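> This is query-v6.csv (CSV, C-alpha atoms).
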chain,number,residue,atom,x,y,z
A,20,GLY,CA,0.0,0.0,0.0
A,21,LEU,CA,3.0,2.3,0.1
A,22,LYS,CA,4.7,3.8,-3.0
A,23,PHE,CA,8.3,4.6,-3.5
A,24,HIS,CA,10.4,6.6,-6.0
A,25,VAL,CA,13.4,4.4,-6.9
A,26,ASP,CA,16.6,5.3,-8.8
A,27,TRP,CA,17.1,2.1,-10.7
A,28,LEU,CA,20.2,3.3,-12.5
A,29,LYS,CA,22.3,4.9,-9.9
A,30,GLY,CA,20.7,3.9,-6.6
A,31,GLN,CA,22.4,1.5,-4.1
A,32,LYS,CA,21.4,-2.1,-4.5
A,33,THR,CA,19.1,-1.4,-7.5
A,34,GLY,CA,17.8,1.7,-5.6
A,35,PHE,CA,15.7,0.0,-3.0
A,36,PHE,CA,16.5,-2.4,-0.1
A,37,VAL,CA,13.8,-5.0,-0.4
A,38,ASP,CA,15.6,-7.2,2.2
A,39,GLN,CA,14.2,-5.0,4.9
A,40,ARG,CA,10.6,-5.4,3.9
A,41,GLU,CA,9.6,-7.6,6.9
A,42,ASN,CA,11.6,-5.6,9.4
A,43,ARG,CA,9.9,-2.4,8.2
A,44,ALA,CA,6.5,-4.1,8.8
A,45,LEU,CA,7.7,-4.9,12.4
A,46,VAL,CA,8.6,-1.2,12.9
A,47,GLU,CA,5.0,-0.4,11.9
A,48,LYS,CA,3.8,-2.5,14.8
A,49,TYR,CA,5.8,-0.6,17.4
A,50,ALA,CA,5.7,3.0,16.1
A,51,ALA,CA,2.2,4.1,17.0
A,52,GLY,CA,2.3,7.1,19.3
A,53,ARG,CA,6.1,7.2,19.4
A,54,ARG,CA,8.7,9.8,18.3
A,55,VAL,CA,10.6,7.9,15.7
A,56,LEU,CA,14.2,8.6,14.4
A,57,ASN,CA,15.3,6.8,11.2
A,58,MET,CA,19.1,7.0,11.0
A,59,PHE,CA,20.8,6.2,7.7
A,60,CYS,CA,17.3,6.5,6.1
A,61,TYR,CA,18.4,6.3,2.4
A,62,THR,CA,15.1,6.8,0.6
A,63,GLY,CA,13.0,6.6,3.8
A,64,GLY,CA,11.6,3.1,3.8
A,65,PHE,CA,11.3,2.6,7.6
A,66,SER,CA,10.0,6.2,8.0
A,67,PHE,CA,6.8,5.6,6.0
A,68,TYR,CA,5.9,2.4,7.8
A,69,ALA,CA,6.2,4.3,11.0
A,70,MET,CA,4.0,7.2,9.7
A,71,ARG,CA,1.4,4.7,8.6
A,72,SER,CA,1.3,3.4,12.1
A,73,ASN,CA,0.4,6.9,13.4
A,74,ALA,CA,3.8,7.7,14.9
A,75,GLU,CA,3.7,11.1,16.7
A,76,VAL,CA,6.9,12.4,14.9
A,77,VAL,CA,9.1,10.8,12.3
A,78,HIS,CA,12.6,12.2,11.6
A,79,SER,CA,14.8,10.8,8.8
A,80,VAL,CA,18.5,11.3,8.7
A,81,ASP,CA,21.1,10.6,6.0
A,82,VAL,CA,24.4,12.2,5.1
A,83,SER,CA,23.5,12.1,1.4
A,84,LYS,CA,21.5,15.1,0.2
A,85,GLN,CA,20.3,13.1,-2.8
A,86,ALA,CA,18.9,10.4,-0.4
A,87,ILE,CA,17.1,13.1,1.6
A,88,SER,CA,15.6,14.5,-1.6
A,89,PHE,CA,14.2,11.0,-2.4
A,90,THR,CA,12.9,10.7,1.1
A,91,ASN,CA,11.0,14.0,0.9
A,92,ALA,CA,9.6,13.0,-2.5
A,93,ASN,CA,8.4,9.7,-1.1
A,94,VAL,CA,6.8,11.5,1.9
A,95,GLU,CA,4.8,13.6,-0.6
A,96,LEU,CA,3.9,10.5,-2.6
A,97,ASN,CA,2.4,8.7,0.4
A,98,PHE,CA,1.6,11.4,3.0
A,99,PRO,CA,1.3,14.8,1.2
A,100,GLY,CA,1.5,17.7,3.5
A,101,ASP,CA,2.1,15.6,6.6
A,102,GLU,CA,3.9,17.8,9.1
A,103,ARG,CA,4.9,14.9,11.3
A,104,HIS,CA,7.9,14.2,9.1
A,105,LYS,CA,11.1,16.1,8.8
A,106,ALA,CA,14.3,15.0,6.9
A,107,PHE,CA,17.9,16.0,7.7
A,108,ALA,CA,21.0,15.8,5.6
A,109,ALA,CA,23.5,15.3,8.4
A,110,ASP,CA,26.3,13.2,9.8
A,111,ALA,CA,24.9,10.5,12.1
A,112,PHE,CA,27.0,11.3,15.1
A,113,ASP,CA,26.4,15.1,14.7
A,114,PHE,CA,22.7,14.4,14.8
A,115,LEU,CA,22.9,12.1,17.7
A,116,ASP,CA,25.0,14.7,19.6
A,117,GLY,CA,22.2,17.3,19.1
A,118,LYS,CA,24.1,19.5,16.7
A,119,CYS,CA,21.3,19.7,14.1
A,120,PRO,CA,18.6,22.4,14.6
A,121,GLY,CA,15.1,20.9,14.6
A,122,SER,CA,16.1,17.5,16.1
A,123,LEU,CA,14.6,16.2,19.3
A,124,PHE,CA,18.0,15.9,20.8
A,125,GLU,CA,18.4,19.7,21.2
A,126,ALA,CA,18.4,21.0,24.8
A,127,GLY,CA,15.0,20.8,26.5
A,128,LYS,CA,13.4,18.6,23.9
A,129,PRO,CA,12.1,15.1,24.9
A,130,GLY,CA,14.2,13.0,22.5
A,131,TYR,CA,13.1,9.9,20.6
A,132,ASP,CA,11.5,6.7,21.9
A,133,LEU,CA,12.0,4.6,18.8
A,134,ILE,CA,15.3,4.7,16.9
A,135,ILE,CA,16.3,2.8,13.8
A,136,LEU,CA,20.0,2.2,13.0
A,137,ASP,CA,20.5,0.7,9.6
A,138,PRO,CA,24.0,1.8,8.5
A,139,PRO,CA,25.8,0.8,5.4
A,140,ALA,CA,28.3,-2.1,5.7
A,141,PHE,CA,31.1,-1.1,8.1
A,142,ALA,CA,33.2,-4.1,7.0
A,143,LYS,CA,33.4,-5.5,3.5
A,144,HIS,CA,36.4,-7.7,4.2
A,145,LYS,CA,38.0,-9.3,7.3
A,146,LYS,CA,40.9,-7.0,7.5
A,147,VAL,CA,38.7,-4.2,8.8
A,148,LEU,CA,36.5,-6.3,11.0
A,149,ARG,CA,37.9,-5.0,14.3
A,150,ASN,CA,37.4,-1.4,13.2
A,151,ALA,CA,33.9,-2.2,12.1
A,152,LEU,CA,33.0,-3.8,15.4
A,153,ARG,CA,34.2,-0.7,17.2
A,154,GLY,CA,32.1,1.4,14.9
A,155,TYR,CA,29.0,-0.6,15.7
A,156,GLN,CA,29.7,-0.4,19.4
A,157,ARG,CA,30.2,3.4,19.2
A,158,LEU,CA,27.0,4.0,17.2
A,159,ASN,CA,24.8,1.8,19.3
A,160,ALA,CA,26.2,3.2,22.5
A,161,LYS,CA,25.3,6.7,21.4
A,162,ALA,CA,21.8,5.7,20.5
A,163,LEU,CA,21.3,3.7,23.8
A,164,GLU,CA,22.6,6.7,25.7
A,165,LYS,CA,20.2,9.1,24.0
A,166,ILE,CA,17.0,7.1,23.7
A,167,ARG,CA,14.1,7.8,26.1
A,168,PRO,CA,13.3,5.4,28.9
A,169,GLY,CA,10.9,2.7,27.6
A,170,GLY,CA,12.3,3.3,24.1
A,171,ILE,CA,12.7,0.7,21.3
A,172,LEU,CA,15.9,0.4,19.3
A,173,PHE,CA,16.0,-1.4,16.0
A,174,THR,CA,19.7,-1.9,15.1
A,175,PHE,CA,21.2,-3.7,12.1
A,176,SER,CA,24.4,-4.8,10.5
A,177,CYS,CA,24.5,-5.7,6.8
A,178,SER,CA,28.3,-6.5,6.9
A,179,GLN,CA,28.8,-10.0,5.6
A,180,VAL,CA,32.0,-10.6,7.6
A,181,VAL,CA,30.3,-9.6,10.8
A,182,THR,CA,28.6,-12.7,12.3
A,183,LYS,CA,25.5,-12.6,14.4
A,184,ASP,CA,27.6,-13.3,17.5
A,185,ASP,CA,30.1,-10.5,16.6
A,186,PHE,CA,27.2,-8.0,16.2
A,187,ARG,CA,25.4,-9.1,19.3
A,188,CYS,CA,28.7,-8.7,21.3
A,189,ALA,CA,29.2,-5.2,19.9
A,190,VAL,CA,25.7,-4.2,20.9
A,191,PHE,CA,26.2,-5.9,24.3
A,192,SER,CA,29.4,-3.9,24.9
A,193,ALA,CA,27.5,-0.7,23.9
A,194,ALA,CA,24.8,-1.4,26.4
A,195,ALA,CA,27.3,-2.1,29.2
A,196,GLN,CA,29.1,1.1,28.3
A,197,THR,CA,26.0,3.2,28.8
A,198,GLY,CA,24.7,1.3,31.9
A,199,ARG,CA,21.2,1.1,30.5
A,200,ARG,CA,19.0,-1.9,31.3
A,201,VAL,CA,18.3,-3.5,27.9
A,202,ARG,CA,16.2,-6.5,26.8
A,203,ILE,CA,16.2,-8.3,23.5
A,204,LEU,CA,12.6,-8.4,22.0
A,205,HIS,CA,13.5,-9.8,18.5
A,206,GLN,CA,16.4,-11.1,16.6
A,207,LEU,CA,16.1,-10.2,12.9
A,208,HIS,CA,17.5,-11.4,9.6
A,209,GLN,CA,16.9,-11.2,5.9
A,210,PRO,CA,13.6,-12.6,4.5
A,211,ALA,CA,13.1,-15.9,2.8
A,212,ASP,CA,13.5,-14.4,-0.7
A,213,HIS,CA,17.1,-13.7,0.2
A,214,PRO,CA,17.9,-17.4,0.9
A,215,ILE,CA,20.8,-18.6,3.0
A,216,ASN,CA,22.6,-21.8,1.9
A,217,ILE,CA,23.3,-24.0,4.9
A,218,TYR,CA,26.8,-24.6,3.5
A,219,HIS,CA,27.5,-20.9,3.1
A,220,PRO,CA,26.8,-19.2,6.5
A,221,GLU,CA,28.4,-16.0,5.2
A,222,GLY,CA,25.2,-15.6,3.1
A,223,GLU,CA,23.4,-14.6,6.2
A,224,TYR,CA,24.6,-11.0,5.8
A,225,LEU,CA,21.7,-9.1,7.4
A,226,LYS,CA,21.5,-9.2,11.2
A,227,GLY,CA,19.3,-7.2,13.5
A,228,LEU,CA,18.1,-6.8,17.1
A,229,VAL,CA,15.1,-5.1,18.5
A,230,LEU,CA,15.9,-3.8,22.0
A,231,TYR,CA,13.7,-2.5,24.8
A,232,VAL,CA,15.7,0.1,26.8
A,233,GLU,CA,14.5,0.9,30.4
Let's see the structure in the file written out as structure tokens.

Amino acid sequence: GLKFHVDWLKGQKTGFFVDQRENRALVEKYAAGRRVLNMFCYTGGFSFYAMRSNAEVVHSVDVSKQAISFTNANVELNFPGDERHKAFAADAFDFLDGKCPGSLFEAGKPGYDLIILDPPAFAKHKKVLRNALRGYQRLNAKALEKIRPGGILFTFSCSQVVTKDDFRCAVFSAAAQTGRRVRILHQLHQPADHPINIYHPEGEYLKGLVLYVE
């Protein structure tokens, strides 16, 4: 029921990440009444499922101005004139640190109670695995530090060389660093139309966790 402008010629992964379809639908189940932040939004997929769920506020962030233009076009395609949504072309850590005017991380504002972290692959080969895991830890620690009590964090890795255990350990370290009490609600993966051969475990490239943060 949602429509998307797609750049088939120059867009990443044919211009639309269909492997997140089921995980976007899960966001829709949690987003009603929440203030939603979609980091690394690309063309805004998670944002529109949250809006359809009657989220209170939906903010989309991506460092690419072109991606933000697609996000805004998709908002108008599905929710014309809807003032709940705002898009920001900004660095992820600058935004999470409250450096972007209009965000809910500015002083005195309530912050977000549903955050989606779906970054590009931090590691494309094993030589940079250690740096990638540090990157996932840093990013998740910042989100866990900032999210409101009772918040929901959807966090993903699409790095093929990062295993499920690697990713979970990085997120565990982030939680321990912040001192927040965190529970795992769901463990996510790619859908059935992105099959995983049992003899090729590296094919399970998409990993995700849904966390409840007290």
> My list of candidates is A:Val37, A:Val94, A:Leu28, A:Ile166. Which is closest to Glu233 of chain A when distances are computed with all atoms listed in the file?
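Going through A:Val37, A:Val94, A:Leu28, A:Ile166 one by one, the smallest distance to Glu233 of chain A is for A:Ile166.
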> Quick one: which segment 26-56 of chain A residues come within 12 Å of segment 138-156 of chain A, and what is the nearest atom pair for each with the distance in Å to one decimal, counting only C-alpha atoms, rows ordered by chain and ascending number, as a Markdown table?

| residue | atom | partner | partner_atom | distance |
| --- | --- | --- | --- | --- |
| A:Gln31 | CA | A:Pro139 | CA | 10.1 |
| A:Lys32 | CA | A:Pro139 | CA | 11.2 |
| A:Phe36 | CA | A:Pro139 | CA | 11.3 |
> Show me, as a PyMOL selection string, the residues that have an atom within 8 Å of Leu207 of chain A when counting all atoms listed in the file, minus same-chain residues fewer than 4 positions from it.
chain A and resi 42+225-229
> Given all atoms listed in the file as the basis, pick out the residue of A:Leu158, A:Tyr61, A:Gln85, A:Ser79 nearest to Ser122 of chain A.
A:Ser79
> I'd like the neighbourhood of Gly30 of chain A as a list of chain:residue names, where a residue qualifies if any of its atoms comes within 12 Å (using all atoms listed in the file), though same-chain residues fewer than 4 positions away should be ignored.
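With the cut-off at 12 Å, the set is A:His24, A:Val25, A:Asp26, A:Gly34, A:Phe35, A:Phe36, A:Tyr61, A:Thr62, A:Ser83, A:Gln85, A:Ala86, A:Phe89.
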> Within 12 Å of Lys128 of chain A, counting all atoms listed in the file, which residues qualify if same-chain residues fewer than 4 places away don't, as a PyMOL selection string?
chain A and resi 54+117+120-124+165+167
> Quick one: residues within 8 Å of (23.9, -0.3, 24.6) (file frame), counting all atoms listed in the file, please, as a tab-separated table (two decimals) with C-alpha atoms, in the frame of the given file.

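Okay, this is what ended up in out15.tsv:
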chain	number	residue	atom	x	y	z
A	156	GLN	CA	29.70	-0.40	19.40
A	159	ASN	CA	24.80	1.80	19.30
A	160	ALA	CA	26.20	3.20	22.50
A	161	LYS	CA	25.30	6.70	21.40
A	162	ALA	CA	21.80	5.70	20.50
A	163	LEU	CA	21.30	3.70	23.80
A	164	GLU	CA	22.60	6.70	25.70
A	190	VAL	CA	25.70	-4.20	20.90
A	191	PHE	CA	26.20	-5.90	24.30
A	192	SER	CA	29.40	-3.90	24.90
A	193	ALA	CA	27.50	-0.70	23.90
A	194	ALA	CA	24.80	-1.40	26.40
A	195	ALA	CA	27.30	-2.10	29.20
A	196	GLN	CA	29.10	1.10	28.30
A	197	THR	CA	26.00	3.20	28.80
A	198	GLY	CA	24.70	1.30	31.90
A	199	ARG	CA	21.20	1.10	30.50
A	201	VAL	CA	18.30	-3.50	27.90
> So, counting only C-alpha atoms, which residue among A:Cys177, A:Ile134, A:Met70, A:Ile215 is closest to Asn57 of chain A?
A:Ile134
> Could you put an axis-aligned box around every listed atom of segment 146-150 of chain A, padded by 5 Å on each side, and send me its centre and edge lengths in Å to one decimal, as AutoDock Vina command-line options?

--center_x 38.7 --center_y -4.2 --center_z 10.9 --size_x 14.4 --size_y 15.6 --size_z 16.8
> Just how far from atom CA of Thr90 of chain A is atom CA of Cys60 of chain A, in Å to one decimal?
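Separation between atom CA of Cys60 of chain A and atom CA of Thr90 of chain A: 7.9 Å.
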> So how far away is atom CA of Ala69 of chain A from atom CA of Leu96 of chain A, in Å?
15.1 Å
> Which of these residues is nearest to Asp184 of chain A, using only C-alpha atoms: A:Glu95, A:His78, A:Gln206, A:Gly169?
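The closest residue to Asp184 of chain A is A:Gln206.
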> Tell me which of A:Tyr68, A:Phe112, A:Tyr49, A:Phe98 sits closest to Ile171 of chain A, counting all atoms listed in the file.
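Using all atoms listed in the file, Ile171 of chain A sits closest to A:Tyr49.
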> In Å, with one decimal, what is the gap from atom CA of Lys183 of chain A to atom CA of Phe67 of chain A?
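Between these atoms lies a distance of 27.4 Å.
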> Would you pick out the contacts of Ala109 of chain A at 6 Å or less, using all atoms listed in the file, so that residues sharing its chain but fewer than 2 positions from it are not included, and give the list as a PyMOL selection string?
chain A and resi 81-82+107
> Quick one: of A:Ile217, A:Leu115, A:Ala106, A:Leu133, who's nearest to Arg53 of chain A, counting all atoms listed in the file?
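Ranked by minimum distance to Arg53 of chain A, first place goes to A:Leu133.
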